[in-house]
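These notes are about the structure you will find just below.
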Amino acid sequence: MSALDHMKFAQVGYIVKDIESTKESYAKLLGAPVPPSQPCGYGAAKTVYKGVPAPDSHCKLAFFDLTPGVQLELIEPDEGPSTWREYLDTHGEGIHHIAFFVKDMDKVIEDCIKEGMTVVQQGNYDDASGRYTYLDGNEQYKCVIELLESF
């Protein structure tokens with residue numbers, strides 16, 4: 001049994017330099033309305049990056065609902081330390097992560113660690129309705145693996 005066996009695919013996340021122009025381009029490509037940009041900050045999220053609280057970690061987010069339960073997420077990081085900023089500085093724009101809805105996140109994290117991944121960043125949803133974890137899957141999967149758990 002694999003770490004993500006029976007988990008539901010949720011999202012593809014792209015890191016971008018300019019969320020406003022990128023979401024305009026995707027809206028045109030998808031024939032969809034331009035979604036609003038929303039801030040994401042340390043406040044409710046309590047972001048922890050590489051094991052250390054990251055109060056200076058902020059970004060702008062925009063979401064396209066592609067099919068029921070599957071999103072395209074655009075992320076424009078600020079200059080604060082985060083997995084998003086590190087990705088942009090190291091790789092430029094592109095696919096940062098694929099995400100999965102999980103139950104019992106702590107157990108799934110344990111299983112992912114056994115498969116060679118390491119926890120990079122964790123936090124809560126801004127509305128406190130759940131939490132997320134980013135795992136470094138770059139060597140095996142060529143991107144970060146994100147786990148999403150709603151309460």
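To be explicit about the labels: the chains of the structure tokens are called A, B, and onward in the order shown, and within each one the residues are counted from 1, while ligands get numbers from 1 in the order they are shown.
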* If you run DSSP over the backbone, which residues in chain A end up alpha helix (DSSP H)? Put them as a count of residues only. => 39
* Selection: 9 Å around Ser2 of chain A, only C-alpha atoms, excl. self and same-chain fewer than 4 positions, as a count of residues only -> 4
Kindly assemble as a tab-separated table a list of the segment 66-98 of chain A residues that lie within 9 Å of segment 137-146 of chain A, each paired with its nearest atom pair and their distance in Å to one decimal, using only C-alpha atoms, sorted first by chain and then by ascending residue number.
```
residue	atom	partner	partner_atom	distance
A:Ile95	CA	A:Cys143	CA	7.0
A:His96	CA	A:Cys143	CA	5.7
A:His97	CA	A:Val144	CA	4.4
A:Ile98	CA	A:Ile145	CA	5.4
```
* Got a sec: who's within 6 Å of segment 70-82 of chain A, counting only C-alpha atoms, leaving out chain neighbours fewer than 2 positions off, as an MDAnalysis selection string? -> chainID A and resid 10:17 19 49 56:68 84:85
Store the residues picked out above, limited to C-alpha atoms, as a short mmCIF file (atom, residue, chain, number, x, y, z; two decimals), in the first residue's frame.
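Here's the written file out09.cif:
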```cif
data_model
loop_
_atom_site.label_atom_id
_atom_site.label_comp_id
_atom_site.auth_asym_id
_atom_site.auth_seq_id
_atom_site.Cartn_x
_atom_site.Cartn_y
_atom_site.Cartn_z
CA ALA A 10 -7.19 17.99 -5.52
CA GLN A 11 -4.97 20.51 -7.22
CA VAL A 12 -2.00 21.59 -9.33
CA GLY A 13 -0.18 24.61 -7.94
CA TYR A 14 1.89 27.00 -10.08
CA ILE A 15 4.34 29.56 -8.79
CA VAL A 16 4.13 32.81 -10.77
CA LYS A 17 5.85 36.19 -10.72
CA ILE A 19 -0.56 36.66 -10.55
CA TYR A 49 8.91 26.67 6.91
CA ASP A 56 7.20 37.01 7.04
CA SER A 57 5.84 34.40 4.61
CA HIS A 58 3.03 35.82 2.50
CA CYS A 59 1.65 35.27 -0.98
CA LYS A 60 -1.27 36.03 -3.25
CA LEU A 61 -3.47 33.14 -4.36
CA ALA A 62 -5.99 32.66 -7.17
CA PHE A 63 -7.98 29.50 -7.89
CA PHE A 64 -9.62 28.11 -11.02
CA ASP A 65 -12.10 25.27 -10.46
CA LEU A 66 -11.35 22.91 -13.35
CA THR A 67 -13.67 20.01 -12.59
CA PRO A 68 -15.58 19.24 -9.39
CA TRP A 84 7.05 29.34 -2.77
CA ARG A 85 9.85 31.95 -2.68
#
```
* **Spatial neighbours of Thr83 of chain A, 8 Å, only C-alpha atoms, chain gap at least 3 places, as a list of chain:residue names** => A:Tyr49, A:Glu86, A:Tyr87, A:Val120, A:Gln121
Same residues, C-alpha atoms, saved as an mmCIF file, in the first residue's frame:
```
data_model
loop_
_atom_site.group_PDB
_atom_site.id
_atom_site.type_symbol
_atom_site.label_atom_id
_atom_site.label_comp_id
_atom_site.auth_asym_id
_atom_site.auth_seq_id
_atom_site.Cartn_x
_atom_site.Cartn_y
_atom_site.Cartn_z
ATOM 1 C CA TYR A 49 8.911 26.673 6.910
ATOM 2 C CA GLU A 86 12.513 29.233 -2.720
ATOM 3 C CA TYR A 87 10.904 27.608 -5.761
ATOM 4 C CA VAL A 120 9.081 21.428 3.928
ATOM 5 C CA GLN A 121 6.238 23.680 5.052
#
```
* To do: Fewer than 5 positions away in the same chain doesn't count, so skip those; otherwise give me all residues within 8 Å of Lys46 of chain A, counting only C-alpha atoms, as a PyMOL selection string.
  => chain A and resi 53-55+123-124
* Asked: Running DSSP on the backbone, which parts of segment 3-112 of chain A land in strand (DSSP E or B), as an MDAnalysis selection string?
  -> chainID A and resid 8:15 38:40 48:49 52:53 59:67 70:77 94:101
